[in-house]
Amino acid sequence: MLTRREMLGTLGTAVFAGAASTVAAQVPRDHVKPDARITNGRIRQSVMGWCFKPMPAVELAKHCRDIGIEGIEGISADDYPAVRKLGLKISLISSHGFAKGPFNPANHEFCIQKLRESIDLAVEVNCRNVITFTGMREPGIDDEQGAKNCVDCFKQVIGYAEKKKVNLVLEHLNSRDNSHPMKGHPGYFGDDVDFCVELINRVGSDNMKLLFDIYHVQIMNGDVIRRIRQYKDLIGHYHTAGNPGRCELDENQEINYPEIMREIVKTGYKGFVAQEFIPTWDDPVAALRHAAVVCDV
């Protein structure tokens with residue numbers, strides 16, 4: 001029989017060991033060699049170009065090639081030929097943007113046109129996914145009507161996507177962080193990942209998928225690994241970033257990326273995981289190299 005003091009001591013040791021295990025799962029900045037690169041390749045990695053501006057897309061692509069990153073997205077279509085010549089794939093095609101979305105039916109013609117143009121571009125550059133969004137909430141439109149508006153709009157273009165063998169991937173965004181225009185999106189309608197899945201199911205097509213942004217899901221819903229398991233058949237693309245702050249994937253943020261990547265591998269996912277963090281280190285290429293190694297499980 002243990003005394004109360006012995007029991008508390010044993011519990012404290014177990015808690016400490018668990019905490020140490022969690023910390024150890026993060027990969028500190030100084031644990032990655034300056035010339036480290038992807039070696040396992042079980043996660044097909046990409047990079048979001050806007051995060052690394054003002055670095056030119058072609059320069060970023062050269063660094064990606066050196067690190068072993070396969071794809072790039074979020075860059076101008078004018079740069080596609082040059083980065084593809086370097087051997088990189090275009091991992092995601094942009095469309096109508098997150099602000100002017102199908103939540104308001106007045107935007108439907110615009111959204112459909114942009115989505116169809118993006119689908120055509122995706123076919124041209126051999127990319128499987130085109131991003132889409134719900135848009136922002138607007139006065140006078142309640143949530144159920146907004147949901148109906150979104151589904152109606154997606155249904156008007158999903159047949160074209162099916163014909164072209166391209167996916168529309170709906171991105172869930174957080175509406176909590178108001179510190180920076182790209183760290184959070186107050187007023188965004190699709191700010192609950194479970195609700196975004198409901199919209200996808202209401203469209204009713206195998207070519208309508210979820211863009212699972214790990215950073216945004218952590219902020220709004222949490223329980224990331226359980227949701228990856230739950231929605232694995234609907235996920236068409238992933239984004240990363242450290243939380244809080246949309247920073248590097250290092251020991252100064254709360255998300256356990258190595259374990260999340262191992263779970264993604266277990267689901268059999270074969271698409272891209274794109275690094276979409278905003279670098280804070282003096283050397284953004286070192287930050288990208290670090291993130292690539294963290295996710296190379």
# chains A, B, ... in the order shown; residues from 1 in each chain; ligands from 1
>>> residues_around(residues="segment 230-241 of chain A", least_positions_apart="6", cutoff="8 Å", atoms="only C-alpha atoms", output="list in words")
Asn129, Asn167, Val169, Val197, Met208, Lys209, Leu210, Leu211, Phe212, Asp213, Ile214, Tyr215, Cys247, Glu248, Leu249, Thr267, Tyr269, Gly271, Phe272, Val273, Ala274, Gln275, Glu276, Phe277 and Ile278 of chain A
>>> write_last_selection(atoms="N, CA and C atoms", output="PDB file, in the first residue's frame")
ATOM      1  N   ASN A 129      -5.616  20.043 -57.439  1.00  0.00           N
ATOM      2  CA  ASN A 129      -6.492  20.763 -56.510  1.00  0.00           C
ATOM      3  C   ASN A 129      -6.614  22.252 -56.815  1.00  0.00           C
ATOM      4  N   ASN A 167     -10.080  18.494 -58.140  1.00  0.00           N
ATOM      5  CA  ASN A 167     -10.813  18.662 -56.882  1.00  0.00           C
ATOM      6  C   ASN A 167     -10.969  20.138 -56.536  1.00  0.00           C
ATOM      7  N   VAL A 169     -11.055  22.169 -53.208  1.00  0.00           N
ATOM      8  CA  VAL A 169     -10.732  21.943 -51.795  1.00  0.00           C
ATOM      9  C   VAL A 169     -11.150  23.174 -50.997  1.00  0.00           C
ATOM     10  N   VAL A 197     -17.065  20.416 -43.308  1.00  0.00           N
ATOM     11  CA  VAL A 197     -17.297  19.038 -43.744  1.00  0.00           C
ATOM     12  C   VAL A 197     -18.770  18.834 -44.093  1.00  0.00           C
ATOM     13  N   MET A 208     -15.241  17.136 -54.297  1.00  0.00           N
ATOM     14  CA  MET A 208     -15.328  18.229 -53.327  1.00  0.00           C
ATOM     15  C   MET A 208     -14.641  17.764 -52.062  1.00  0.00           C
ATOM     16  N   LYS A 209     -13.533  18.430 -51.698  1.00  0.00           N
ATOM     17  CA  LYS A 209     -12.674  17.975 -50.614  1.00  0.00           C
ATOM     18  C   LYS A 209     -12.463  19.081 -49.578  1.00  0.00           C
ATOM     19  N   LEU A 210     -11.817  18.710 -48.494  1.00  0.00           N
ATOM     20  CA  LEU A 210     -11.478  19.635 -47.407  1.00  0.00           C
ATOM     21  C   LEU A 210      -9.997  19.987 -47.467  1.00  0.00           C
ATOM     22  N   LEU A 211      -9.702  21.270 -47.377  1.00  0.00           N
ATOM     23  CA  LEU A 211      -8.322  21.694 -47.159  1.00  0.00           C
ATOM     24  C   LEU A 211      -8.146  21.810 -45.651  1.00  0.00           C
ATOM     25  N   PHE A 212      -7.423  20.857 -45.087  1.00  0.00           N
ATOM     26  CA  PHE A 212      -7.252  20.765 -43.637  1.00  0.00           C
ATOM     27  C   PHE A 212      -6.012  21.575 -43.257  1.00  0.00           C
ATOM     28  N   ASP A 213      -6.250  22.808 -42.819  1.00  0.00           N
ATOM     29  CA  ASP A 213      -5.153  23.671 -42.361  1.00  0.00           C
ATOM     30  C   ASP A 213      -4.965  23.413 -40.866  1.00  0.00           C
ATOM     31  N   ILE A 214      -3.864  22.764 -40.531  1.00  0.00           N
ATOM     32  CA  ILE A 214      -3.624  22.317 -39.157  1.00  0.00           C
ATOM     33  C   ILE A 214      -3.607  23.498 -38.189  1.00  0.00           C
ATOM     34  N   TYR A 215      -3.009  24.588 -38.606  1.00  0.00           N
ATOM     35  CA  TYR A 215      -2.942  25.804 -37.780  1.00  0.00           C
ATOM     36  C   TYR A 215      -4.344  26.326 -37.460  1.00  0.00           C
ATOM     37  N   CYS A 247       3.807  30.851 -36.873  1.00  0.00           N
ATOM     38  CA  CYS A 247       5.268  30.923 -36.906  1.00  0.00           C
ATOM     39  C   CYS A 247       5.863  29.593 -37.353  1.00  0.00           C
ATOM     40  N   GLU A 248       7.173  29.463 -37.156  1.00  0.00           N
ATOM     41  CA  GLU A 248       7.881  28.239 -37.495  1.00  0.00           C
ATOM     42  C   GLU A 248       7.351  27.040 -36.703  1.00  0.00           C
ATOM     43  N   LEU A 249       7.727  25.846 -37.135  1.00  0.00           N
ATOM     44  CA  LEU A 249       7.271  24.605 -36.507  1.00  0.00           C
ATOM     45  C   LEU A 249       8.286  24.150 -35.447  1.00  0.00           C
ATOM     46  N   THR A 267      -2.910   7.358 -42.460  1.00  0.00           N
ATOM     47  CA  THR A 267      -4.188   7.408 -43.180  1.00  0.00           C
ATOM     48  C   THR A 267      -4.042   7.012 -44.641  1.00  0.00           C
ATOM     49  N   TYR A 269      -2.668   8.967 -46.920  1.00  0.00           N
ATOM     50  CA  TYR A 269      -2.750  10.190 -47.724  1.00  0.00           C
ATOM     51  C   TYR A 269      -1.551  10.303 -48.661  1.00  0.00           C
ATOM     52  N   GLY A 271      -1.355  13.081 -51.048  1.00  0.00           N
ATOM     53  CA  GLY A 271      -1.276  14.437 -51.583  1.00  0.00           C
ATOM     54  C   GLY A 271      -0.182  15.256 -50.926  1.00  0.00           C
ATOM     55  N   PHE A 272      -0.290  16.572 -51.069  1.00  0.00           N
ATOM     56  CA  PHE A 272       0.730  17.478 -50.562  1.00  0.00           C
ATOM     57  C   PHE A 272       0.396  18.011 -49.168  1.00  0.00           C
ATOM     58  N   VAL A 273       1.444  18.243 -48.392  1.00  0.00           N
ATOM     59  CA  VAL A 273       1.386  18.999 -47.145  1.00  0.00           C
ATOM     60  C   VAL A 273       2.217  20.249 -47.378  1.00  0.00           C
ATOM     61  N   ALA A 274       1.572  21.411 -47.406  1.00  0.00           N
ATOM     62  CA  ALA A 274       2.258  22.651 -47.754  1.00  0.00           C
ATOM     63  C   ALA A 274       2.636  23.438 -46.502  1.00  0.00           C
ATOM     64  N   GLN A 275       3.891  23.877 -46.452  1.00  0.00           N
ATOM     65  CA  GLN A 275       4.366  24.726 -45.363  1.00  0.00           C
ATOM     66  C   GLN A 275       3.842  26.137 -45.588  1.00  0.00           C
ATOM     67  N   GLU A 276       2.977  26.601 -44.652  1.00  0.00           N
ATOM     68  CA  GLU A 276       2.360  27.920 -44.799  1.00  0.00           C
ATOM     69  C   GLU A 276       2.573  28.767 -43.548  1.00  0.00           C
ATOM     70  N   PHE A 277       3.748  28.696 -42.982  1.00  0.00           N
ATOM     71  CA  PHE A 277       4.059  29.535 -41.829  1.00  0.00           C
ATOM     72  C   PHE A 277       4.730  30.830 -42.298  1.00  0.00           C
ATOM     73  N   ILE A 278       4.638  31.860 -41.465  1.00  0.00           N
ATOM     74  CA  ILE A 278       5.290  33.143 -41.754  1.00  0.00           C
ATOM     75  C   ILE A 278       6.617  33.173 -41.002  1.00  0.00           C
TER      76      ILE A 278
END
>>> select_by_dssp(residues="segment 15-233 of chain A", states="helix (DSSP H, G or I)", output="NGL selection string")
:A and (15-25 or 29-31 or 49-52 or 57-67 or 77-85 or 105-124 or 143-164 or 193-203 or 214-220 or 224-231)
>>> residues_around(residues="Val265 of chain A", least_positions_apart="6", cutoff="10 Å", atoms="only C-alpha atoms", output="ChimeraX atom specification")
/A:42-43,259,297
>>> closest_residue(among="A:Asp194, A:Glu70, A:Asp78, A:Glu138", to="Ala57 of chain A", atoms="only C-alpha atoms")
A:Asp78
>>> closest_residue(among="A:Phe103, A:Tyr257, A:Phe154, A:Phe133", to="Arg116 of chain A", atoms="only C-alpha atoms")
A:Phe154
>>> atom_distance(atom1="atom CA of Gly184 of chain A", atom2="atom CA of Gly49 of chain A")
17.9 Å
>>> residues_around(residues="Asn252 of chain A", least_positions_apart="3", cutoff="10 Å", atoms="only C-alpha atoms", output="list of chain:residue names")
A:Val23, A:Gln26, A:Val27, A:Pro28, A:Arg29, A:Gly242, A:Asn243, A:Pro244, A:Cys247, A:Glu248, A:Leu249, A:Ile255
>>> write_last_selection(atoms="C-alpha atoms", output="PDB file, in the first residue's frame")
ATOM      1  CA  VAL A  23       8.582  18.807 -25.346  1.00  0.00           C
ATOM      2  CA  GLN A  26       9.091  19.298 -30.816  1.00  0.00           C
ATOM      3  CA  VAL A  27      12.239  19.817 -32.866  1.00  0.00           C
ATOM      4  CA  PRO A  28      14.274  22.785 -31.620  1.00  0.00           C
ATOM      5  CA  ARG A  29      15.801  25.113 -34.142  1.00  0.00           C
ATOM      6  CA  GLY A 242       3.020  26.957 -35.710  1.00  0.00           C
ATOM      7  CA  ASN A 243       0.503  28.238 -33.199  1.00  0.00           C
ATOM      8  CA  PRO A 244       0.284  30.830 -31.785  1.00  0.00           C
ATOM      9  CA  CYS A 247       5.268  30.923 -36.906  1.00  0.00           C
ATOM     10  CA  GLU A 248       7.881  28.239 -37.495  1.00  0.00           C
ATOM     11  CA  LEU A 249       7.271  24.605 -36.507  1.00  0.00           C
ATOM     12  CA  ILE A 255       1.452  21.814 -32.108  1.00  0.00           C
TER      13      ILE A 255
END
>>> select_by_dssp(residues="segment 82-296 of chain A", states="strand (DSSP E)", output="list in words")
Lys89, Ile90, Asn129, Val130, Ile131, Thr132, Asn167, Leu168, Val169, Leu170, Glu171, Met208, Lys209, Leu210, Leu211, Phe212, Asp213, Ile235, Gly236, His237, Tyr238, His239, Thr240, Phe272, Val273, Ala274 and Gln275 of chain A
>>> residues_around(residues="Asn221 of chain A", least_positions_apart="2", cutoff="12 Å", atoms="only C-alpha atoms", output="mmCIF file with C-alpha atoms, in the first residue's frame")
data_model
loop_
_atom_site.group_PDB
_atom_site.id
_atom_site.type_symbol
_atom_site.label_atom_id
_atom_site.label_comp_id
_atom_site.auth_asym_id
_atom_site.auth_seq_id
_atom_site.Cartn_x
_atom_site.Cartn_y
_atom_site.Cartn_z
ATOM 1 C CA HIS A 172 -11.451 26.191 -43.152
ATOM 2 C CA LEU A 173 -9.995 29.406 -41.625
ATOM 3 C CA ASN A 174 -9.851 30.689 -38.068
ATOM 4 C CA SER A 175 -11.842 33.790 -37.128
ATOM 5 C CA ARG A 176 -10.234 34.289 -33.686
ATOM 6 C CA ASP A 191 -14.557 28.949 -39.374
ATOM 7 C CA ASP A 192 -15.722 25.579 -37.989
ATOM 8 C CA VAL A 193 -14.042 22.606 -39.642
ATOM 9 C CA ASP A 194 -16.909 20.250 -38.793
ATOM 10 C CA PHE A 195 -19.344 22.639 -40.478
ATOM 11 C CA CYS A 196 -17.093 22.833 -43.556
ATOM 12 C CA PHE A 212 -7.252 20.765 -43.637
ATOM 13 C CA ASP A 213 -5.153 23.671 -42.361
ATOM 14 C CA ILE A 214 -3.624 22.317 -39.157
ATOM 15 C CA TYR A 215 -2.942 25.804 -37.780
ATOM 16 C CA HIS A 216 -6.531 26.997 -38.271
ATOM 17 C CA VAL A 217 -8.042 23.754 -36.976
ATOM 18 C CA GLN A 218 -5.893 23.949 -33.833
ATOM 19 C CA ILE A 219 -7.155 27.468 -33.105
ATOM 20 C CA ASP A 223 -8.340 17.644 -31.371
ATOM 21 C CA VAL A 224 -6.321 17.637 -34.580
ATOM 22 C CA ILE A 225 -5.305 13.979 -34.821
ATOM 23 C CA ARG A 226 -8.790 12.699 -34.039
ATOM 24 C CA ARG A 227 -10.205 14.940 -36.783
#
>>> atom_distance(atom1="atom CA of Glu124 of chain A", atom2="atom CA of Val166 of chain A")
11.2 Å
>>> closest_atom_pairs(of="segment 118-163 of chain A", to="segment 89-92 of chain A", cutoff="9 Å", atoms="only C-alpha atoms", output="Markdown table")
| residue | atom | partner | partner_atom | distance |
| --- | --- | --- | --- | --- |
| A:Ala122 | CA | A:Leu92 | CA | 8.0 |
| A:Val125 | CA | A:Ile90 | CA | 7.0 |
| A:Asn126 | CA | A:Ile90 | CA | 7.7 |
| A:Cys127 | CA | A:Ile90 | CA | 5.9 |
| A:Arg128 | CA | A:Leu92 | CA | 7.3 |
| A:Asn129 | CA | A:Leu92 | CA | 5.3 |
| A:Val130 | CA | A:Leu92 | CA | 5.8 |
| A:Ile131 | CA | A:Leu92 | CA | 6.8 |
>>> closest_residue(among="A:Ala99, A:Cys295, A:Met220, A:Cys64", to="Asp177 of chain A", atoms="only C-alpha atoms")
A:Met220
>>> atom_distance(atom1="atom CA of Asp296 of chain A", atom2="atom CA of Thr280 of chain A")
21.2 Å
>>> closest_residue(among="A:Ala286, A:Val123, A:Cys153, A:His31", to="Phe110 of chain A", atoms="only C-alpha atoms")
A:Cys153
>>> closest_residue(among="A:Ser205, A:Gln253, A:Lys100, A:Gly245", to="Gly187 of chain A", atoms="only C-alpha atoms")
A:Lys100
>>> closest_residue(among="A:Met136, A:Leu170, A:Cys111, A:Ile75", to="Pro54 of chain A", atoms="only C-alpha atoms")
A:Ile75
